>>> print(open('my_file29.pdb').read())   # PDB, C-alpha atoms, pLDDT in the B column
MODEL        1
ATOM      1  CA  MET A   1      73.105 102.488  82.591  1.00 91.00           C
ATOM      2  CA  SER A   2      70.108 104.800  82.493  1.00 93.00           C
ATOM      3  CA  PRO A   3      70.597 108.472  83.444  1.00 93.00           C
ATOM      4  CA  THR A   4      67.235 108.381  85.242  1.00 95.00           C
ATOM      5  CA  GLY A   5      65.934 106.627  88.354  1.00 96.00           C
ATOM      6  CA  ASN A   6      69.247 106.690  90.235  1.00 98.00           C
ATOM      7  CA  THR A   7      70.325 107.918  93.649  1.00 98.00           C
ATOM      8  CA  VAL A   8      73.195 110.331  92.987  1.00 98.00           C
ATOM      9  CA  LEU A   9      75.732 111.867  95.370  1.00 98.00           C
ATOM     10  CA  VAL A  10      77.699 114.903  94.135  1.00 98.00           C
ATOM     11  CA  THR A  11      80.555 116.208  96.279  1.00 98.00           C
ATOM     12  CA  GLY A  12      81.138 119.938  96.056  1.00 96.00           C
ATOM     13  CA  GLY A  13      77.640 120.227  94.663  1.00 95.00           C
ATOM     14  CA  THR A  14      76.557 123.614  95.977  1.00 95.00           C
ATOM     15  CA  ARG A  15      77.901 125.739  93.110  1.00 94.00           C
ATOM     16  CA  GLY A  16      79.761 125.722  89.810  1.00 94.00           C
ATOM     17  CA  ILE A  17      80.132 122.442  87.947  1.00 95.00           C
ATOM     18  CA  GLY A  18      78.865 120.359  90.853  1.00 96.00           C
ATOM     19  CA  LEU A  19      75.600 122.262  91.122  1.00 97.00           C
ATOM     20  CA  ALA A  20      75.107 122.172  87.344  1.00 96.00           C
ATOM     21  CA  ILE A  21      75.553 118.383  87.382  1.00 97.00           C
ATOM     22  CA  ALA A  22      73.207 118.029  90.358  1.00 98.00           C
ATOM     23  CA  ARG A  23      70.526 120.085  88.594  1.00 97.00           C
ATOM     24  CA  GLU A  24      70.896 118.054  85.400  1.00 96.00           C
ATOM     25  CA  PHE A  25      70.408 114.770  87.255  1.00 97.00           C
ATOM     26  CA  ALA A  26      67.521 116.165  89.323  1.00 97.00           C
ATOM     27  CA  ALA A  27      65.763 117.248  86.123  1.00 96.00           C
ATOM     28  CA  ARG A  28      65.963 113.641  84.921  1.00 95.00           C
ATOM     29  CA  HIS A  29      64.035 112.239  87.882  1.00 94.00           C
ATOM     30  CA  ASN A  30      66.956 111.053  89.983  1.00 97.00           C
ATOM     31  CA  ARG A  31      67.275 111.462  93.723  1.00 97.00           C
ATOM     32  CA  VAL A  32      70.184 113.884  94.133  1.00 98.00           C
ATOM     33  CA  LEU A  33      72.237 114.614  97.238  1.00 98.00           C
ATOM     34  CA  VAL A  34      74.991 117.227  97.290  1.00 98.00           C
ATOM     35  CA  VAL A  35      77.818 117.456  99.781  1.00 98.00           C
ATOM     36  CA  GLY A  36      79.234 120.788 100.957  1.00 96.00           C
ATOM     37  CA  ARG A  37      80.840 122.263 104.044  1.00 94.00           C
ATOM     38  CA  ASP A  38      78.868 125.522 104.167  1.00 95.00           C
ATOM     39  CA  LEU A  39      75.537 124.849 105.879  1.00 96.00           C
ATOM     40  CA  GLU A  40      73.948 128.137 104.838  1.00 96.00           C
ATOM     41  CA  ARG A  41      74.865 127.555 101.196  1.00 96.00           C
ATOM     42  CA  LEU A  42      73.429 124.034 101.375  1.00 97.00           C
ATOM     43  CA  ARG A  43      70.149 125.391 102.712  1.00 97.00           C
ATOM     44  CA  ARG A  44      69.953 127.940  99.896  1.00 96.00           C
ATOM     45  CA  VAL A  45      70.554 125.209  97.322  1.00 97.00           C
ATOM     46  CA  GLU A  46      67.737 123.133  98.797  1.00 97.00           C
ATOM     47  CA  GLU A  47      65.403 126.139  98.785  1.00 96.00           C
ATOM     48  CA  GLN A  48      66.234 127.234  95.237  1.00 96.00           C
ATOM     49  CA  HIS A  49      66.540 123.866  93.473  1.00 96.00           C
ATOM     50  CA  ALA A  50      63.758 121.327  93.761  1.00 92.00           C
ATOM     51  CA  GLY A  51      64.828 117.721  94.075  1.00 94.00           C
ATOM     52  CA  ILE A  52      68.258 118.403  95.580  1.00 97.00           C
ATOM     53  CA  GLU A  53      69.097 117.443  99.175  1.00 97.00           C
ATOM     54  CA  GLY A  54      72.071 118.900 101.051  1.00 97.00           C
ATOM     55  CA  LEU A  55      74.548 117.046 103.272  1.00 98.00           C
ATOM     56  CA  CYS A  56      77.007 119.048 105.376  1.00 97.00           C
ATOM     57  CA  TYR A  57      80.457 117.445 105.637  1.00 97.00           C
ATOM     58  CA  ASP A  58      83.973 118.876 105.405  1.00 96.00           C
ATOM     59  CA  LEU A  59      85.752 116.461 103.080  1.00 96.00           C
ATOM     60  CA  SER A  60      89.164 117.767 104.108  1.00 94.00           C
ATOM     61  CA  ARG A  61      88.659 115.865 107.394  1.00 94.00           C
ATOM     62  CA  MET A  62      89.275 112.123 107.467  1.00 94.00           C
ATOM     63  CA  GLY A  63      86.654 111.760 110.172  1.00 96.00           C
ATOM     64  CA  ALA A  64      84.057 113.427 107.971  1.00 97.00           C
ATOM     65  CA  LEU A  65      84.686 110.883 105.206  1.00 97.00           C
ATOM     66  CA  GLU A  66      84.045 108.068 107.672  1.00 97.00           C
ATOM     67  CA  GLU A  67      80.904 109.771 108.998  1.00 97.00           C
ATOM     68  CA  LEU A  68      79.556 110.371 105.498  1.00 98.00           C
ATOM     69  CA  SER A  69      80.182 106.783 104.434  1.00 97.00           C
ATOM     70  CA  HIS A  70      78.465 105.449 107.552  1.00 97.00           C
ATOM     71  CA  ASP A  71      75.455 107.766 107.199  1.00 97.00           C
ATOM     72  CA  LEU A  72      74.977 106.871 103.542  1.00 98.00           C
ATOM     73  CA  GLU A  73      75.113 103.166 104.354  1.00 96.00           C
ATOM     74  CA  GLN A  74      72.493 103.612 107.074  1.00 96.00           C
ATOM     75  CA  HIS A  75      70.155 106.155 105.502  1.00 97.00           C
ATOM     76  CA  VAL A  76      70.687 106.031 101.703  1.00 97.00           C
ATOM     77  CA  PRO A  77      71.003 102.306 100.955  1.00 96.00           C
ATOM     78  CA  GLY A  78      70.028 102.790  97.318  1.00 97.00           C
ATOM     79  CA  LEU A  79      72.987 105.046  96.488  1.00 98.00           C
ATOM     80  CA  ASN A  80      74.335 103.947  93.117  1.00 98.00           C
ATOM     81  CA  VAL A  81      76.074 107.002  91.589  1.00 98.00           C
ATOM     82  CA  LEU A  82      79.045 108.750  93.203  1.00 98.00           C
ATOM     83  CA  ILE A  83      80.362 111.908  91.542  1.00 98.00           C
ATOM     84  CA  HIS A  84      83.647 113.317  92.866  1.00 98.00           C
ATOM     85  CA  ASN A  85      83.499 117.002  92.015  1.00 97.00           C
ATOM     86  CA  ALA A  86      84.784 118.772  95.153  1.00 96.00           C
ATOM     87  CA  ALA A  87      88.120 120.494  94.538  1.00 95.00           C
ATOM     88  CA  VAL A  88      90.094 123.573  95.489  1.00 94.00           C
ATOM     89  CA  GLN A  89      92.828 125.351  93.567  1.00 92.00           C
ATOM     90  CA  HIS A  90      95.320 127.846  94.967  1.00 90.00           C
ATOM     91  CA  ASN A  91      97.826 129.698  92.814  1.00 88.00           C
ATOM     92  CA  TYR A  92     101.285 130.012  94.379  1.00 89.00           C
ATOM     93  CA  LEU A  93     104.920 129.118  93.785  1.00 89.00           C
ATOM     94  CA  LEU A  94     106.835 126.620  95.877  1.00 87.00           C
ATOM     95  CA  THR A  95     109.768 129.037  95.732  1.00 86.00           C
ATOM     96  CA  GLU A  96     107.938 131.527  97.956  1.00 84.00           C
ATOM     97  CA  GLU A  97     109.787 132.320 101.177  1.00 77.00           C
ATOM     98  CA  SER A  98     106.853 131.248 103.329  1.00 82.00           C
ATOM     99  CA  LEU A  99     105.409 128.026 101.932  1.00 77.00           C
ATOM    100  CA  PRO A 100     101.597 127.927 102.111  1.00 75.00           C
ATOM    101  CA  TRP A 101     101.357 124.605 103.946  1.00 87.00           C
ATOM    102  CA  SER A 102      97.650 124.966 104.743  1.00 89.00           C
ATOM    103  CA  ARG A 103      96.812 125.503 101.070  1.00 91.00           C
ATOM    104  CA  ILE A 104      98.973 122.563 100.002  1.00 94.00           C
ATOM    105  CA  ASN A 105      97.271 120.275 102.529  1.00 94.00           C
ATOM    106  CA  GLU A 106      93.799 121.468 101.558  1.00 95.00           C
ATOM    107  CA  GLU A 107      94.433 120.699  97.875  1.00 96.00           C
ATOM    108  CA  LEU A 108      95.873 117.268  98.667  1.00 97.00           C
ATOM    109  CA  HIS A 109      93.093 116.299 101.074  1.00 97.00           C
ATOM    110  CA  ILE A 110      90.067 117.540  99.116  1.00 97.00           C
ATOM    111  CA  ASN A 111      91.252 116.935  95.544  1.00 97.00           C
ATOM    112  CA  LEU A 112      92.930 113.554  95.979  1.00 97.00           C
ATOM    113  CA  ARG A 113      92.571 111.879  99.363  1.00 97.00           C
ATOM    114  CA  ALA A 114      88.808 112.436  99.622  1.00 98.00           C
ATOM    115  CA  PRO A 115      87.829 110.831  96.284  1.00 98.00           C
ATOM    116  CA  ILE A 116      90.196 107.897  96.784  1.00 98.00           C
ATOM    117  CA  VAL A 117      89.096 107.177 100.346  1.00 98.00           C
ATOM    118  CA  LEU A 118      85.405 107.799  99.718  1.00 98.00           C
ATOM    119  CA  SER A 119      85.451 105.530  96.678  1.00 98.00           C
ATOM    120  CA  ALA A 120      86.976 102.735  98.747  1.00 98.00           C
ATOM    121  CA  MET A 121      84.561 103.274 101.616  1.00 98.00           C
ATOM    122  CA  LEU A 122      81.451 103.325  99.422  1.00 98.00           C
ATOM    123  CA  LEU A 123      82.489 100.572  97.036  1.00 98.00           C
ATOM    124  CA  PRO A 124      80.780  97.776  99.022  1.00 97.00           C
ATOM    125  CA  GLN A 125      77.519  99.727  98.949  1.00 98.00           C
ATOM    126  CA  LEU A 126      77.825 100.600  95.260  1.00 98.00           C
ATOM    127  CA  SER A 127      78.748  97.022  94.342  1.00 97.00           C
ATOM    128  CA  ARG A 128      75.487  95.741  95.816  1.00 97.00           C
ATOM    129  CA  GLN A 129      73.477  97.738  93.294  1.00 97.00           C
ATOM    130  CA  LYS A 130      72.354  96.224  90.010  1.00 97.00           C
ATOM    131  CA  GLU A 131      73.973  99.163  88.193  1.00 97.00           C
ATOM    132  CA  ALA A 132      76.296 101.799  89.647  1.00 98.00           C
ATOM    133  CA  ALA A 133      78.836 104.402  88.609  1.00 98.00           C
ATOM    134  CA  ILE A 134      81.724 106.451  89.963  1.00 98.00           C
ATOM    135  CA  VAL A 135      82.599 109.675  88.141  1.00 98.00           C
ATOM    136  CA  THR A 136      85.742 111.683  88.875  1.00 97.00           C
ATOM    137  CA  LEU A 137      86.096 115.308  87.819  1.00 95.00           C
ATOM    138  CA  SER A 138      89.595 115.691  86.457  1.00 92.00           C
ATOM    139  CA  SER A 139      90.872 118.573  84.329  1.00 89.00           C
ATOM    140  CA  VAL A 140      92.788 119.396  81.185  1.00 83.00           C
ATOM    141  CA  LEU A 141      95.496 120.414  83.672  1.00 85.00           C
ATOM    142  CA  ALA A 142      95.980 116.732  84.520  1.00 83.00           C
ATOM    143  CA  PHE A 143      98.050 116.332  81.336  1.00 79.00           C
ATOM    144  CA  ALA A 144      99.009 119.965  80.709  1.00 78.00           C
ATOM    145  CA  PRO A 145      99.959 121.486  84.085  1.00 83.00           C
ATOM    146  CA  LYS A 146     100.371 125.194  84.654  1.00 83.00           C
ATOM    147  CA  ARG A 147     103.339 126.686  86.486  1.00 85.00           C
ATOM    148  CA  ASN A 148     101.613 128.388  89.412  1.00 88.00           C
ATOM    149  CA  ALA A 149      99.246 125.542  90.340  1.00 90.00           C
ATOM    150  CA  ALA A 150     101.689 122.667  90.775  1.00 92.00           C
ATOM    151  CA  VAL A 151      99.884 120.857  93.577  1.00 95.00           C
ATOM    152  CA  TYR A 152      96.429 121.220  92.043  1.00 94.00           C
ATOM    153  CA  CYS A 153      97.682 119.887  88.703  1.00 93.00           C
ATOM    154  CA  ALA A 154      99.479 117.035  90.439  1.00 95.00           C
ATOM    155  CA  THR A 155      96.310 116.009  92.284  1.00 97.00           C
ATOM    156  CA  LYS A 156      94.353 115.938  89.035  1.00 95.00           C
ATOM    157  CA  ALA A 157      97.035 113.867  87.293  1.00 93.00           C
ATOM    158  CA  ALA A 158      97.058 111.443  90.220  1.00 96.00           C
ATOM    159  CA  LEU A 159      93.266 111.280  90.216  1.00 96.00           C
ATOM    160  CA  ASP A 160      93.347 110.432  86.504  1.00 94.00           C
ATOM    161  CA  SER A 161      95.739 107.570  87.211  1.00 95.00           C
ATOM    162  CA  PHE A 162      93.671 106.328  90.149  1.00 97.00           C
ATOM    163  CA  THR A 163      90.498 106.370  88.059  1.00 97.00           C
ATOM    164  CA  ARG A 164      92.065 104.309  85.276  1.00 96.00           C
ATOM    165  CA  CYS A 165      93.259 101.712  87.776  1.00 97.00           C
ATOM    166  CA  LEU A 166      89.884 101.620  89.514  1.00 98.00           C
ATOM    167  CA  ARG A 167      88.151 101.120  86.148  1.00 97.00           C
ATOM    168  CA  ASP A 168      90.380  98.117  85.473  1.00 97.00           C
ATOM    169  CA  GLN A 169      89.729  96.681  88.928  1.00 98.00           C
ATOM    170  CA  LEU A 170      85.954  96.993  88.521  1.00 98.00           C
ATOM    171  CA  ALA A 171      85.777  95.876  84.880  1.00 96.00           C
ATOM    172  CA  CYS A 172      83.860  92.701  85.778  1.00 96.00           C
ATOM    173  CA  SER A 173      81.586  94.356  88.346  1.00 97.00           C
ATOM    174  CA  SER A 174      78.334  96.316  88.148  1.00 97.00           C
ATOM    175  CA  VAL A 175      80.191  99.592  88.804  1.00 98.00           C
ATOM    176  CA  ARG A 176      81.153 101.778  85.837  1.00 97.00           C
ATOM    177  CA  VAL A 177      84.018 104.260  86.310  1.00 98.00           C
ATOM    178  CA  ARG A 178      84.074 107.467  84.295  1.00 97.00           C
ATOM    179  CA  THR A 179      86.484 110.401  84.017  1.00 95.00           C
ATOM    180  CA  LEU A 180      85.229 113.883  83.142  1.00 95.00           C
ATOM    181  CA  ARG A 181      87.837 116.424  81.995  1.00 92.00           C
ATOM    182  CA  PRO A 182      86.544 119.945  81.436  1.00 89.00           C
ATOM    183  CA  PRO A 183      88.608 122.843  80.090  1.00 83.00           C
ATOM    184  CA  LEU A 184      88.589 126.243  81.799  1.00 80.00           C
ATOM    185  CA  VAL A 185      85.083 126.695  83.238  1.00 82.00           C
ATOM    186  CA  ASP A 186      83.430 129.897  84.401  1.00 74.00           C
ATOM    187  CA  THR A 187      83.193 129.248  88.163  1.00 71.00           C
ATOM    188  CA  GLY A 188      84.181 130.957  91.383  1.00 70.00           C
ATOM    189  CA  MET A 189      87.445 128.985  91.334  1.00 69.00           C
ATOM    190  CA  THR A 190      88.508 130.518  88.028  1.00 63.00           C
ATOM    191  CA  ALA A 191      87.372 134.086  88.677  1.00 59.00           C
ATOM    192  CA  GLY A 192      89.916 136.494  87.195  1.00 59.00           C
ATOM    193  CA  ARG A 193      91.845 133.698  85.477  1.00 64.00           C
ATOM    194  CA  GLY A 194      92.123 133.191  81.733  1.00 60.00           C
ATOM    195  CA  SER A 195      89.589 133.662  78.961  1.00 60.00           C
ATOM    196  CA  GLY A 196      87.427 131.555  76.671  1.00 69.00           C
ATOM    197  CA  LYS A 197      85.693 129.850  79.585  1.00 77.00           C
ATOM    198  CA  ILE A 198      82.716 127.577  79.090  1.00 85.00           C
ATOM    199  CA  ALA A 199      79.642 127.492  81.316  1.00 91.00           C
ATOM    200  CA  PRO A 200      79.237 124.819  84.035  1.00 92.00           C
ATOM    201  CA  GLU A 201      75.995 123.777  82.359  1.00 95.00           C
ATOM    202  CA  GLU A 202      77.964 122.791  79.255  1.00 94.00           C
ATOM    203  CA  VAL A 203      80.068 120.418  81.342  1.00 94.00           C
ATOM    204  CA  ALA A 204      76.977 118.886  82.922  1.00 95.00           C
ATOM    205  CA  ALA A 205      75.323 118.426  79.530  1.00 95.00           C
ATOM    206  CA  ALA A 206      78.479 116.758  78.176  1.00 94.00           C
ATOM    207  CA  LEU A 207      78.481 114.308  81.082  1.00 96.00           C
ATOM    208  CA  LEU A 208      74.871 113.289  80.516  1.00 96.00           C
ATOM    209  CA  LEU A 209      75.385 112.955  76.764  1.00 94.00           C
ATOM    210  CA  ALA A 210      78.428 110.730  77.315  1.00 94.00           C
ATOM    211  CA  TRP A 211      76.402 108.785  79.894  1.00 95.00           C
ATOM    212  CA  GLU A 212      73.744 108.028  77.300  1.00 94.00           C
ATOM    213  CA  ARG A 213      76.472 106.983  74.850  1.00 94.00           C
ATOM    214  CA  ASP A 214      78.117 104.779  77.504  1.00 94.00           C
ATOM    215  CA  GLU A 215      81.458 106.607  77.257  1.00 94.00           C
ATOM    216  CA  ASN A 216      84.001 106.441  80.069  1.00 95.00           C
ATOM    217  CA  GLU A 217      86.628 109.013  79.037  1.00 92.00           C
ATOM    218  CA  ILE A 218      84.934 112.382  78.589  1.00 92.00           C
ATOM    219  CA  ASN A 219      86.957 115.363  77.387  1.00 89.00           C
ATOM    220  CA  VAL A 220      84.650 118.370  77.232  1.00 88.00           C
ATOM    221  CA  GLY A 221      84.738 121.017  74.500  1.00 73.00           C
ATOM    222  CA  PRO A 222      88.236 122.552  74.129  1.00 63.00           C
ATOM    223  CA  ALA A 223      89.655 119.771  76.321  1.00 59.00           C
ATOM    224  CA  ARG A 224      89.291 117.403  73.360  1.00 59.00           C
ATOM    225  CA  LEU A 225      91.587 119.563  71.257  1.00 59.00           C
ATOM    226  CA  ALA A 226      93.957 120.122  74.192  1.00 56.00           C
ATOM    227  CA  ALA A 227      94.324 116.352  74.623  1.00 58.00           C
ATOM    228  CA  ARG A 228      95.315 115.987  70.959  1.00 57.00           C
ATOM    229  CA  VAL A 229      97.700 118.953  71.105  1.00 53.00           C
ATOM    230  CA  GLN A 230      99.319 117.566  74.244  1.00 55.00           C
ATOM    231  CA  ARG A 231      99.877 114.246  72.511  1.00 56.00           C
ATOM    232  CA  TRP A 232     101.567 115.662  69.416  1.00 50.00           C
ATOM    233  CA  TRP A 233     102.859 119.111  70.438  1.00 48.00           C
ATOM    234  CA  PRO A 234     103.233 119.136  74.249  1.00 57.00           C
ATOM    235  CA  ASN A 235     105.518 122.181  74.330  1.00 62.00           C
ATOM    236  CA  LEU A 236     102.944 124.260  72.458  1.00 56.00           C
ATOM    237  CA  LEU A 237     100.234 123.644  75.057  1.00 57.00           C
ATOM    238  CA  ALA A 238     102.643 124.197  77.935  1.00 57.00           C
ATOM    239  CA  LYS A 239     103.640 127.591  76.496  1.00 57.00           C
ATOM    240  CA  LYS A 240     100.003 128.603  76.052  1.00 58.00           C
ATOM    241  CA  LEU A 241      99.279 127.780  79.689  1.00 56.00           C
ATOM    242  CA  ARG A 242     102.305 129.729  80.899  1.00 54.00           C
ATOM    243  CA  ASP A 243     101.264 132.741  78.859  1.00 52.00           C
ATOM    244  CA  SER A 244      97.722 132.619  80.251  1.00 55.00           C
ATOM    245  CA  GLU A 245      98.718 132.866  83.924  1.00 55.00           C
TER     246      GLU A 245
ENDMDL
END
>>> encode(input="my_file29.pdb", output="structure tokens")
Amino acid sequence: MSPTGNTVLVTGGTRGIGLAIAREFAARHNRVLVVGRDLERLRRVEEQHAGIEGLCYDLSRMGALEELSHDLEQHVPGLNVLIHNAAVQHNYLLTEESLPWSRINEELHINLRAPIVLSAMLLPQLSRQKEAAIVTLSSVLAFAPKRNAAVYCATKAALDSFTRCLRDQLACSSVRVRTLRPPLVDTGMTAGRGSGKIAPEEVAAALLLAWERDENEINVGPARLAARVQRWWPNLLAKKLRDSE
């Protein structure tokens, strides 16, 4: 599938990895739409980055997923690339006296429910295209969770599992399913956390390179080593993550 001439939707595309991916696709002569819930930020993205269109939807709301799916069907019939990037991460312990229910629900709804439901809703539209793709943004934390982000890590592990199953289900269709697993990336989400971060642009470049090579499982930079370490020495990686909190 060519990385040019597509109509691409990137959720959470107003900053960080999502914006870097949107810019990379826009530079390759694709039509690019980004989804965010902050209207002012969306307007700034449109003003500052040529070729990127903003769509304002709050993906934590089930109704917004239905509205987005309907609007894309009606107004963007040529959509053929769906990139699930939107995610939130909160650091907390479930042993806290006052459980942060709102943060738990936000992580579950945005990180897991939204990509599953939106994939199902848009699959008929994507399947009509000659070539199409669904990309899910997972994380090295999907297979090497850290202690103080239990729900976030669980959503990424579940998303990994969902993506593998979806790839099997669509194996004989026109829709390719890809998983992108970055390591720690220098974004607003990771501010003040850890060291040795890579730039969002490096993740975007890795996705496009893997796209050209027709790869489906994409571990970026240090995530490649982390995947091997987790396979052979899982306790070593778990200790490193605990020490980095």
>>> closest_residue(input="my_file29.pdb", among="A:Arg176, A:Arg15, A:Arg167, A:Arg181", to="A:Leu141", atoms="all atoms listed in the file")
A:Arg181
>>> axis_aligned_box(input="my_file29.pdb", around="stretch 48-62 of chain A", padding_each_side="6 Å", output="AutoDock Vina command-line options")
--center_x 76.5 --center_y 119.7 --center_z 100.5 --size_x 37.5 --size_y 27.1 --size_z 26.0
>>> resolve_selection(input="my_file29.pdb", expression="the PyMOL selection byres ((chain A and resi 61) around 12)", output="ChimeraX atom specification")
/A:37,57-60,62-68,105-106,108-110,113-114,117-118
>>> closest_residue(input="my_file29.pdb", among="A:Leu39, A:Val151, A:Ala26, A:Ala86", to="A:Gly12", atoms="only C-alpha atoms")
A:Ala86
>>> resolve_selection(input="my_file29.pdb", expression="the PyMOL selection byres ((chain A and resi 70-74) around 10)", output="PyMOL selection string")
chain A and resi 9+64-69+75-79+121-122+124-126
>>> decode(input="my_file29.pdb", residues="stretch 21-35 of chain A", atoms="N, CA and C atoms", output="PDB file, in the first residue's frame")
ATOM      1  N   ILE A  21       2.941  12.216  13.204  1.00  0.00           N
ATOM      2  CA  ILE A  21       2.457  11.288  12.172  1.00  0.00           C
ATOM      3  C   ILE A  21       1.620  12.035  11.139  1.00  0.00           C
ATOM      4  N   ALA A  22       0.748  12.923  11.604  1.00  0.00           N
ATOM      5  CA  ALA A  22      -0.086  13.698  10.687  1.00  0.00           C
ATOM      6  C   ALA A  22       0.777  14.536   9.742  1.00  0.00           C
ATOM      7  N   ARG A  23       1.805  15.172  10.277  1.00  0.00           N
ATOM      8  CA  ARG A  23       2.691  15.995   9.448  1.00  0.00           C
ATOM      9  C   ARG A  23       3.441  15.139   8.427  1.00  0.00           C
ATOM     10  N   GLU A  24       3.866  13.962   8.847  1.00  0.00           N
ATOM     11  CA  GLU A  24       4.600  13.074   7.936  1.00  0.00           C
ATOM     12  C   GLU A  24       3.714  12.653   6.765  1.00  0.00           C
ATOM     13  N   PHE A  25       2.470  12.300   7.052  1.00  0.00           N
ATOM     14  CA  PHE A  25       1.557  11.904   5.979  1.00  0.00           C
ATOM     15  C   PHE A  25       1.180  13.101   5.099  1.00  0.00           C
ATOM     16  N   ALA A  26       0.988  14.271   5.705  1.00  0.00           N
ATOM     17  CA  ALA A  26       0.653  15.457   4.922  1.00  0.00           C
ATOM     18  C   ALA A  26       1.782  15.809   3.960  1.00  0.00           C
ATOM     19  N   ALA A  27       3.019  15.632   4.405  1.00  0.00           N
ATOM     20  CA  ALA A  27       4.178  15.940   3.563  1.00  0.00           C
ATOM     21  C   ALA A  27       4.277  14.994   2.374  1.00  0.00           C
ATOM     22  N   ARG A  28       3.588  13.864   2.462  1.00  0.00           N
ATOM     23  CA  ARG A  28       3.637  12.873   1.373  1.00  0.00           C
ATOM     24  C   ARG A  28       2.377  12.925   0.514  1.00  0.00           C
ATOM     25  N   HIS A  29       1.725  14.059   0.501  1.00  0.00           N
ATOM     26  CA  HIS A  29       0.599  14.312  -0.401  1.00  0.00           C
ATOM     27  C   HIS A  29      -0.609  13.410  -0.104  1.00  0.00           C
ATOM     28  N   ASN A  30      -0.893  13.248   1.174  1.00  0.00           N
ATOM     29  CA  ASN A  30      -2.123  12.599   1.603  1.00  0.00           C
ATOM     30  C   ASN A  30      -3.076  13.672   2.131  1.00  0.00           C
ATOM     31  N   ARG A  31      -4.350  13.384   2.095  1.00  0.00           N
ATOM     32  CA  ARG A  31      -5.310  14.225   2.808  1.00  0.00           C
ATOM     33  C   ARG A  31      -5.317  13.752   4.255  1.00  0.00           C
ATOM     34  N   VAL A  32      -5.089  14.662   5.197  1.00  0.00           N
ATOM     35  CA  VAL A  32      -4.935  14.274   6.597  1.00  0.00           C
ATOM     36  C   VAL A  32      -5.932  15.013   7.467  1.00  0.00           C
ATOM     37  N   LEU A  33      -6.678  14.247   8.254  1.00  0.00           N
ATOM     38  CA  LEU A  33      -7.609  14.805   9.234  1.00  0.00           C
ATOM     39  C   LEU A  33      -7.168  14.357  10.613  1.00  0.00           C
ATOM     40  N   VAL A  34      -7.178  15.277  11.573  1.00  0.00           N
ATOM     41  CA  VAL A  34      -6.814  14.929  12.944  1.00  0.00           C
ATOM     42  C   VAL A  34      -7.999  15.181  13.865  1.00  0.00           C
ATOM     43  N   VAL A  35      -8.170  14.291  14.808  1.00  0.00           N
ATOM     44  CA  VAL A  35      -9.250  14.395  15.779  1.00  0.00           C
ATOM     45  C   VAL A  35      -8.690  14.848  17.125  1.00  0.00           C
TER      46      VAL A  35
END
